[in-house]
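With PDB, C-alpha atoms inside, this is final34.pdb:
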```pdb
MODEL        1
ATOM      1  CA  MET A 224     -11.616 227.094 138.139  1.00  0.00           C
ATOM      2  CA  SER A 225     -10.519 227.385 134.534  1.00  0.00           C
ATOM      3  CA  LEU A 226      -8.873 224.508 132.711  1.00  0.00           C
ATOM      4  CA  ASN A 227      -5.657 226.498 132.213  1.00  0.00           C
ATOM      5  CA  VAL A 228      -5.409 227.155 135.966  1.00  0.00           C
ATOM      6  CA  LYS A 229      -5.914 223.417 136.605  1.00  0.00           C
ATOM      7  CA  LYS A 230      -3.098 222.687 134.157  1.00  0.00           C
ATOM      8  CA  MET A 231      -0.735 225.128 135.868  1.00  0.00           C
ATOM      9  CA  LEU A 232      -1.592 223.780 139.330  1.00  0.00           C
ATOM     10  CA  SER A 233      -1.122 220.215 138.076  1.00  0.00           C
ATOM     11  CA  LEU A 234       2.267 221.146 136.646  1.00  0.00           C
ATOM     12  CA  PHE A 235       3.370 222.715 139.930  1.00  0.00           C
ATOM     13  CA  ALA A 236       1.979 219.857 142.044  1.00  0.00           C
ATOM     14  CA  SER A 237       3.662 217.294 139.798  1.00  0.00           C
ATOM     15  CA  LEU A 238       7.062 218.918 140.244  1.00  0.00           C
ATOM     16  CA  VAL A 239       6.544 219.264 144.004  1.00  0.00           C
ATOM     17  CA  VAL A 240       5.886 215.508 144.184  1.00  0.00           C
ATOM     18  CA  VAL A 241       8.262 214.176 141.506  1.00  0.00           C
ATOM     19  CA  ILE A 242      11.463 216.018 142.473  1.00  0.00           C
ATOM     20  CA  PRO A 243      11.597 214.779 146.102  1.00  0.00           C
ATOM     21  CA  LEU A 244      10.427 211.347 144.926  1.00  0.00           C
ATOM     22  CA  TYR A 245      13.277 211.203 142.414  1.00  0.00           C
ATOM     23  CA  ILE A 246      15.814 212.290 145.059  1.00  0.00           C
ATOM     24  CA  GLY A 247      14.462 209.689 147.481  1.00  0.00           C
ATOM     25  CA  LEU A 248      14.760 206.949 144.865  1.00  0.00           C
ATOM     26  CA  HIS A 249      18.239 208.126 143.801  1.00  0.00           C
ATOM     27  CA  GLU A 250      19.562 208.136 147.352  1.00  0.00           C
ATOM     28  CA  GLY A 251      17.548 204.977 148.065  1.00  0.00           C
ATOM     29  CA  GLY A 252      19.436 203.195 145.286  1.00  0.00           C
ATOM     30  CA  HIS A 253      22.707 204.031 147.023  1.00  0.00           C
ATOM     31  CA  VAL A 254      21.243 202.982 150.400  1.00  0.00           C
ATOM     32  CA  LEU A 255      20.045 199.635 149.029  1.00  0.00           C
ATOM     33  CA  ILE A 256      23.507 198.650 147.818  1.00  0.00           C
ATOM     34  CA  ALA A 257      25.238 199.984 150.939  1.00  0.00           C
ATOM     35  CA  VAL A 258      22.924 197.938 153.178  1.00  0.00           C
ATOM     36  CA  LEU A 259      23.433 194.826 151.019  1.00  0.00           C
ATOM     37  CA  CYS A 260      27.178 195.325 151.527  1.00  0.00           C
ATOM     38  CA  GLY A 261      26.721 195.400 155.302  1.00  0.00           C
ATOM     39  CA  ALA A 262      27.009 199.151 155.823  1.00  0.00           C
ATOM     40  CA  LYS A 263      25.113 201.098 158.460  1.00  0.00           C
ATOM     41  CA  ILE A 264      23.262 204.128 157.089  1.00  0.00           C
ATOM     42  CA  THR A 265      24.120 207.202 159.145  1.00  0.00           C
ATOM     43  CA  THR A 266      22.420 209.913 157.070  1.00  0.00           C
ATOM     44  CA  PHE A 267      19.568 209.910 154.585  1.00  0.00           C
ATOM     45  CA  SER A 268      18.298 213.281 153.433  1.00  0.00           C
ATOM     46  CA  VAL A 269      15.920 213.971 150.588  1.00  0.00           C
ATOM     47  CA  LEU A 270      16.095 217.705 151.279  1.00  0.00           C
ATOM     48  CA  GLY A 271      19.888 217.704 151.163  1.00  0.00           C
ATOM     49  CA  ALA A 272      20.030 214.985 148.472  1.00  0.00           C
ATOM     50  CA  HIS A 273      22.586 213.077 150.494  1.00  0.00           C
ATOM     51  CA  MET A 274      23.190 209.757 152.179  1.00  0.00           C
ATOM     52  CA  SER A 275      26.154 208.515 154.152  1.00  0.00           C
ATOM     53  CA  TYR A 276      27.149 205.255 155.736  1.00  0.00           C
ATOM     54  CA  THR A 277      29.800 203.594 157.857  1.00  0.00           C
ATOM     55  CA  GLY A 278      31.301 200.158 157.517  1.00  0.00           C
ATOM     56  CA  GLY A 279      30.390 197.582 154.957  1.00  0.00           C
ATOM     57  CA  VAL A 280      32.478 195.444 152.659  1.00  0.00           C
ATOM     58  CA  PHE A 281      32.603 196.835 149.131  1.00  0.00           C
ATOM     59  CA  THR A 282      34.297 194.910 146.350  1.00  0.00           C
ATOM     60  CA  SER A 283      35.038 196.896 143.204  1.00  0.00           C
ATOM     61  CA  ALA A 284      31.889 195.393 141.639  1.00  0.00           C
ATOM     62  CA  ALA A 285      29.773 196.353 144.665  1.00  0.00           C
ATOM     63  CA  LEU A 286      31.233 199.852 144.704  1.00  0.00           C
ATOM     64  CA  SER A 287      30.493 200.204 140.992  1.00  0.00           C
ATOM     65  CA  LEU A 288      26.911 199.054 141.588  1.00  0.00           C
ATOM     66  CA  PHE A 289      26.652 201.529 144.479  1.00  0.00           C
ATOM     67  CA  TYR A 290      27.421 204.437 142.127  1.00  0.00           C
ATOM     68  CA  LEU A 291      25.196 203.065 139.357  1.00  0.00           C
ATOM     69  CA  ALA A 292      22.220 202.405 141.648  1.00  0.00           C
ATOM     70  CA  GLY A 293      21.576 206.110 142.222  1.00  0.00           C
ATOM     71  CA  MET A 294      20.621 206.478 138.577  1.00  0.00           C
ATOM     72  CA  LEU A 295      19.299 202.992 137.978  1.00  0.00           C
ATOM     73  CA  LEU A 296      16.665 202.665 140.741  1.00  0.00           C
ATOM     74  CA  PRO A 297      14.667 205.778 139.735  1.00  0.00           C
ATOM     75  CA  VAL A 298      14.940 204.856 136.057  1.00  0.00           C
ATOM     76  CA  LEU A 299      13.704 201.305 136.669  1.00  0.00           C
ATOM     77  CA  VAL A 300      10.802 202.559 138.799  1.00  0.00           C
ATOM     78  CA  SER A 301       9.842 205.082 136.099  1.00  0.00           C
ATOM     79  CA  ILE A 302       9.998 202.359 133.427  1.00  0.00           C
ATOM     80  CA  VAL A 303       7.681 200.115 135.460  1.00  0.00           C
ATOM     81  CA  TYR A 304       5.364 203.090 135.980  1.00  0.00           C
ATOM     82  CA  THR A 305       5.405 203.848 132.255  1.00  0.00           C
ATOM     83  CA  LEU A 306       4.619 200.246 131.359  1.00  0.00           C
ATOM     84  CA  THR A 307       1.493 200.463 133.552  1.00  0.00           C
ATOM     85  CA  TYR A 308       0.500 203.900 132.197  1.00  0.00           C
ATOM     86  CA  GLN A 309      -3.177 204.240 131.287  1.00  0.00           C
ATOM     87  CA  ARG A 310      -3.511 206.143 127.994  1.00  0.00           C
ATOM     88  CA  LYS A 311      -7.105 207.146 128.405  1.00  0.00           C
ATOM     89  CA  THR A 312      -7.881 209.226 131.459  1.00  0.00           C
ATOM     90  CA  ALA A 313     -10.060 212.256 132.085  1.00  0.00           C
ATOM     91  CA  SER A 314      -7.648 213.679 134.665  1.00  0.00           C
ATOM     92  CA  VAL A 315      -5.536 216.754 133.968  1.00  0.00           C
ATOM     93  CA  PHE A 316      -3.015 215.832 136.688  1.00  0.00           C
ATOM     94  CA  TYR A 317      -2.266 212.232 135.616  1.00  0.00           C
ATOM     95  CA  PRO A 318      -0.681 212.871 132.183  1.00  0.00           C
ATOM     96  CA  ILE A 319       1.318 215.827 133.519  1.00  0.00           C
ATOM     97  CA  PHE A 320       2.548 213.900 136.549  1.00  0.00           C
ATOM     98  CA  SER A 321       3.337 210.849 134.425  1.00  0.00           C
ATOM     99  CA  PHE A 322       5.408 212.901 131.989  1.00  0.00           C
ATOM    100  CA  PHE A 323       7.558 214.404 134.757  1.00  0.00           C
ATOM    101  CA  PHE A 324       7.779 211.082 136.593  1.00  0.00           C
ATOM    102  CA  LEU A 325       9.433 209.722 133.460  1.00  0.00           C
ATOM    103  CA  LEU A 326      11.282 212.874 132.357  1.00  0.00           C
ATOM    104  CA  ILE A 327      13.345 213.530 135.477  1.00  0.00           C
ATOM    105  CA  PRO A 328      14.842 210.021 135.898  1.00  0.00           C
ATOM    106  CA  THR A 329      15.344 209.711 132.148  1.00  0.00           C
ATOM    107  CA  GLY A 330      17.018 213.114 132.146  1.00  0.00           C
ATOM    108  CA  SER A 331      19.462 211.876 134.793  1.00  0.00           C
ATOM    109  CA  ILE A 332      20.746 209.379 132.222  1.00  0.00           C
ATOM    110  CA  LEU A 333      22.171 212.342 130.287  1.00  0.00           C
ATOM    111  CA  ALA A 334      24.973 212.654 132.865  1.00  0.00           C
ATOM    112  CA  TRP A 335      25.914 209.055 132.085  1.00  0.00           C
ATOM    113  CA  MET A 336      26.258 210.085 128.427  1.00  0.00           C
ATOM    114  CA  ILE A 337      28.175 213.334 128.998  1.00  0.00           C
ATOM    115  CA  VAL A 338      30.496 212.653 131.963  1.00  0.00           C
ATOM    116  CA  PRO A 339      32.264 209.716 130.243  1.00  0.00           C
ATOM    117  CA  VAL A 340      33.109 212.051 127.365  1.00  0.00           C
ATOM    118  CA  LEU A 341      34.486 214.515 129.922  1.00  0.00           C
ATOM    119  CA  CYS A 342      36.551 211.654 131.397  1.00  0.00           C
ATOM    120  CA  LEU A 343      38.152 211.110 128.008  1.00  0.00           C
ATOM    121  CA  VAL A 344      39.433 214.708 128.046  1.00  0.00           C
ATOM    122  CA  ASN A 345      40.285 214.719 131.782  1.00  0.00           C
ATOM    123  CA  GLN A 346      37.528 217.210 132.635  1.00  0.00           C
ATOM    124  CA  ALA A 347      35.111 214.960 134.561  1.00  0.00           C
ATOM    125  CA  PRO A 348      33.773 216.234 137.892  1.00  0.00           C
ATOM    126  CA  PRO A 349      35.744 214.286 140.532  1.00  0.00           C
ATOM    127  CA  ASN A 350      32.876 213.636 142.977  1.00  0.00           C
ATOM    128  CA  ASP A 351      30.252 212.636 140.431  1.00  0.00           C
ATOM    129  CA  ASP A 352      28.671 209.155 140.568  1.00  0.00           C
ATOM    130  CA  VAL A 353      29.540 208.570 136.909  1.00  0.00           C
ATOM    131  CA  THR A 354      33.210 209.485 137.402  1.00  0.00           C
ATOM    132  CA  LYS A 355      33.410 207.244 140.455  1.00  0.00           C
ATOM    133  CA  PHE A 356      31.644 204.423 138.586  1.00  0.00           C
ATOM    134  CA  ILE A 357      34.161 204.582 135.742  1.00  0.00           C
ATOM    135  CA  ALA A 358      37.068 204.612 138.197  1.00  0.00           C
ATOM    136  CA  SER A 359      35.758 201.714 140.318  1.00  0.00           C
ATOM    137  CA  SER A 360      34.479 199.528 137.481  1.00  0.00           C
ATOM    138  CA  GLY A 361      37.280 200.014 134.991  1.00  0.00           C
ATOM    139  CA  CYS A 362      34.654 200.274 132.235  1.00  0.00           C
ATOM    140  CA  PRO A 363      35.818 202.272 129.245  1.00  0.00           C
ATOM    141  CA  PRO A 364      34.104 205.678 129.235  1.00  0.00           C
ATOM    142  CA  TRP A 365      32.856 205.144 125.674  1.00  0.00           C
ATOM    143  CA  ALA A 366      31.085 201.928 126.787  1.00  0.00           C
ATOM    144  CA  VAL A 367      29.405 203.748 129.702  1.00  0.00           C
ATOM    145  CA  SER A 368      28.275 206.510 127.368  1.00  0.00           C
ATOM    146  CA  LEU A 369      26.994 204.011 124.796  1.00  0.00           C
ATOM    147  CA  GLY A 370      25.068 202.084 127.467  1.00  0.00           C
ATOM    148  CA  ALA A 371      23.498 205.340 128.641  1.00  0.00           C
ATOM    149  CA  VAL A 372      22.479 206.261 125.082  1.00  0.00           C
ATOM    150  CA  ILE A 373      20.785 202.875 124.663  1.00  0.00           C
ATOM    151  CA  LEU A 374      18.982 203.170 128.020  1.00  0.00           C
ATOM    152  CA  PHE A 375      17.896 206.747 127.233  1.00  0.00           C
ATOM    153  CA  ALA A 376      16.577 205.725 123.811  1.00  0.00           C
ATOM    154  CA  GLY A 377      14.706 202.788 125.351  1.00  0.00           C
ATOM    155  CA  CYS A 378      13.043 205.051 127.936  1.00  0.00           C
ATOM    156  CA  CYS A 379      12.039 207.586 125.276  1.00  0.00           C
ATOM    157  CA  LEU A 380      10.718 204.887 122.958  1.00  0.00           C
ATOM    158  CA  THR A 381       8.694 203.306 125.775  1.00  0.00           C
ATOM    159  CA  ALA A 382       7.231 206.696 126.724  1.00  0.00           C
ATOM    160  CA  TRP A 383       6.308 207.333 123.097  1.00  0.00           C
ATOM    161  CA  ARG A 384       4.744 203.904 122.572  1.00  0.00           C
ATOM    162  CA  LYS A 385       2.706 204.221 125.772  1.00  0.00           C
ATOM    163  CA  SER A 386       1.609 207.750 124.660  1.00  0.00           C
ATOM    164  CA  VAL A 387       3.011 209.463 127.761  1.00  0.00           C
ATOM    165  CA  ILE A 388       4.599 212.226 125.675  1.00  0.00           C
ATOM    166  CA  GLN A 389       1.650 212.701 123.343  1.00  0.00           C
ATOM    167  CA  ASN A 390      -0.856 212.826 126.223  1.00  0.00           C
ATOM    168  CA  TYR A 391       1.276 215.353 128.084  1.00  0.00           C
ATOM    169  CA  TRP A 392       1.394 217.732 125.102  1.00  0.00           C
ATOM    170  CA  ARG A 393      -2.301 217.234 124.399  1.00  0.00           C
ATOM    171  CA  THR A 394      -3.073 218.033 128.048  1.00  0.00           C
ATOM    172  CA  VAL A 395      -0.868 221.110 128.496  1.00  0.00           C
ATOM    173  CA  LYS A 396      -1.868 222.717 125.220  1.00  0.00           C
ATOM    174  CA  LEU A 397      -3.424 226.013 126.244  1.00  0.00           C
ATOM    175  CA  ASP A 398      -7.044 226.560 125.247  1.00  0.00           C
TER
ENDMDL
END
```

Here is the file; what I need is its structure written in the form of structure tokens.
Amino acid sequence: MSLNVKKMLSLFASLVVVIPLYIGLHEGGHVLIAVLCGAKITTFSVLGAHMSYTGGVFTSAALSLFYLAGMLLPVLVSIVYTLTYQRKTASVFYPIFSFFFLLIPTGSILAWMIVPVLCLVNQAPPNDDVTKFIASSGCPPWAVSLGAVILFAGCCLTAWRKSVIQNYWRTVKLD
């Protein structure tokens, strides 16, 4: 099998693994907070990217954390993964997988930058986690956006310093 075919298969396999993993972690973040608030989980679907619950006692702080946890759990897991990243590896799959394992959760932070701006002009999507977070927490949209920018920059800087980005580009470069 040629190296370019291995690269393409690794890219496809990485996405097949990372996307459901991200969804599971995103919904798992919501589940974690709901369970800590005493709720009973009635639905958890990676395929449908959905979870639901009944009961529980949610203060405004707990509700805010519930909405935040969907973004935060996958980002924290990807940061821990990045911090343990091994720069030198002979594998084609590992640098490709690692890049997407960081990219997708980090990319989800973009909504936390953009939706607060949409809130300021009354155009935010009503059922979005970010919109609900702003409503339940009372945080100013500009502060949410600023926090997201800082988190995004930190993730990108960590990926750069650990050579995740450089190794990805070096690996996928076609021969």

Which residues are close to Leu333 (chain A), i.e. within 9 Å by only C-alpha atoms, leaving aside same-chain residues fewer than 2 positions away? Reply as number ranges by chain.
A: 329-331, 335-338, 368, 371-372, 375

Taking the file as shown, find all residues satisfying the PyMOL selection byres ((chain A and resi 339) around 12) and write them as a ChimeraX atom specification.
/A:332-338,340-349,351-358,361-372

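You can rank A:Ile327, A:Leu226, A:Ser359, A:Val300 by their closest distance to Ala285 (chain A) using only C-alpha atoms, and at the top of that list sits A:Ser359.
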
Would you list the contacts of region 249-256 of chain A as a VMD selection string, taking every protein, DNA or RNA residue within 9 Å and counting only C-alpha atoms, but skipping same-chain residues closer than 2 positions in sequence?
chain A and resid 244 to 247 258 to 262 264 267 to 269 272 to 276 285 to 286 288 to 297 328

Compute the distance from (5.4, 218.5, 129.3) to each atom, counting all atoms listed in the file, keep the residues with any atom at most 7 Å away, and return them as a VMD selection string; use the coordinates of the file.
chain A and resid 319 322 391 to 392 395

Quick one: everything within 10 Å of Gln389 (chain A), counting all atoms listed in the file, minus sequence neighbours fewer than 4 positions away in the same chain. Send it as JSON, numbers by chain.
{"A": [310, 318, 322, 382, 383, 384, 385, 393, 394]}

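Note that CA of Leu270 (chain A) and CA of Asn350 (chain A) are 19.2 Å apart.
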
All file atoms of region 325-334 of chain A boxed axis-aligned, 3 Å per side, centre plus edges, as lines of an AutoDock Vina configuration file:
```
center_x = 17.2
center_y = 211.5
center_z = 133.1
size_x = 21.5
size_y = 10.2
size_z = 11.6
```

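CA of Val241 (chain A) is positioned 19.6 Å from CA of Val228 (chain A).
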
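The space separating CA of Leu374 (chain A) from CA of Ile388 (chain A) comes to 17.2 Å.
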
Applied to this file, what does the PyMOL selection byres ((chain A and resi 320) around 12) return in terms of residues, put as an mmCIF file with C-alpha atoms, in the frame of the given file?
```cif
data_model
loop_
_atom_site.group_PDB
_atom_site.id
_atom_site.type_symbol
_atom_site.label_atom_id
_atom_site.label_comp_id
_atom_site.auth_asym_id
_atom_site.auth_seq_id
_atom_site.Cartn_x
_atom_site.Cartn_y
_atom_site.Cartn_z
ATOM 1 C CA LYS A 230 -3.098 222.687 134.157
ATOM 2 C CA MET A 231 -0.735 225.128 135.868
ATOM 3 C CA LEU A 232 -1.592 223.780 139.330
ATOM 4 C CA SER A 233 -1.122 220.215 138.076
ATOM 5 C CA LEU A 234 2.267 221.146 136.646
ATOM 6 C CA PHE A 235 3.370 222.715 139.930
ATOM 7 C CA ALA A 236 1.979 219.857 142.044
ATOM 8 C CA SER A 237 3.662 217.294 139.798
ATOM 9 C CA LEU A 238 7.062 218.918 140.244
ATOM 10 C CA VAL A 239 6.544 219.264 144.004
ATOM 11 C CA VAL A 240 5.886 215.508 144.184
ATOM 12 C CA VAL A 241 8.262 214.176 141.506
ATOM 13 C CA ILE A 242 11.463 216.018 142.473
ATOM 14 C CA LEU A 244 10.427 211.347 144.926
ATOM 15 C CA SER A 301 9.842 205.082 136.099
ATOM 16 C CA TYR A 304 5.364 203.090 135.980
ATOM 17 C CA THR A 305 5.405 203.848 132.255
ATOM 18 C CA TYR A 308 0.500 203.900 132.197
ATOM 19 C CA SER A 314 -7.648 213.679 134.665
ATOM 20 C CA VAL A 315 -5.536 216.754 133.968
ATOM 21 C CA PHE A 316 -3.015 215.832 136.688
ATOM 22 C CA TYR A 317 -2.266 212.232 135.616
ATOM 23 C CA PRO A 318 -0.681 212.871 132.183
ATOM 24 C CA ILE A 319 1.318 215.827 133.519
ATOM 25 C CA SER A 321 3.337 210.849 134.425
ATOM 26 C CA PHE A 322 5.408 212.901 131.989
ATOM 27 C CA PHE A 323 7.558 214.404 134.757
ATOM 28 C CA PHE A 324 7.779 211.082 136.593
ATOM 29 C CA LEU A 325 9.433 209.722 133.460
ATOM 30 C CA LEU A 326 11.282 212.874 132.357
ATOM 31 C CA ILE A 327 13.345 213.530 135.477
ATOM 32 C CA VAL A 387 3.011 209.463 127.761
ATOM 33 C CA ILE A 388 4.599 212.226 125.675
ATOM 34 C CA ASN A 390 -0.856 212.826 126.223
ATOM 35 C CA TYR A 391 1.276 215.353 128.084
ATOM 36 C CA THR A 394 -3.073 218.033 128.048
ATOM 37 C CA VAL A 395 -0.868 221.110 128.496
#
```

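The residue that comes closest to Val303 (chain A), out of A:Thr381, A:Pro243, A:Thr277, A:Lys229 and on the basis of only C-alpha atoms, is A:Thr381.
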
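Remark: for Ala284 (chain A), the closest of the candidate residues A:Ser360, A:Ser386, A:Ile373, A:Lys396 is A:Ser360 (distances computed over all atoms listed in the file).
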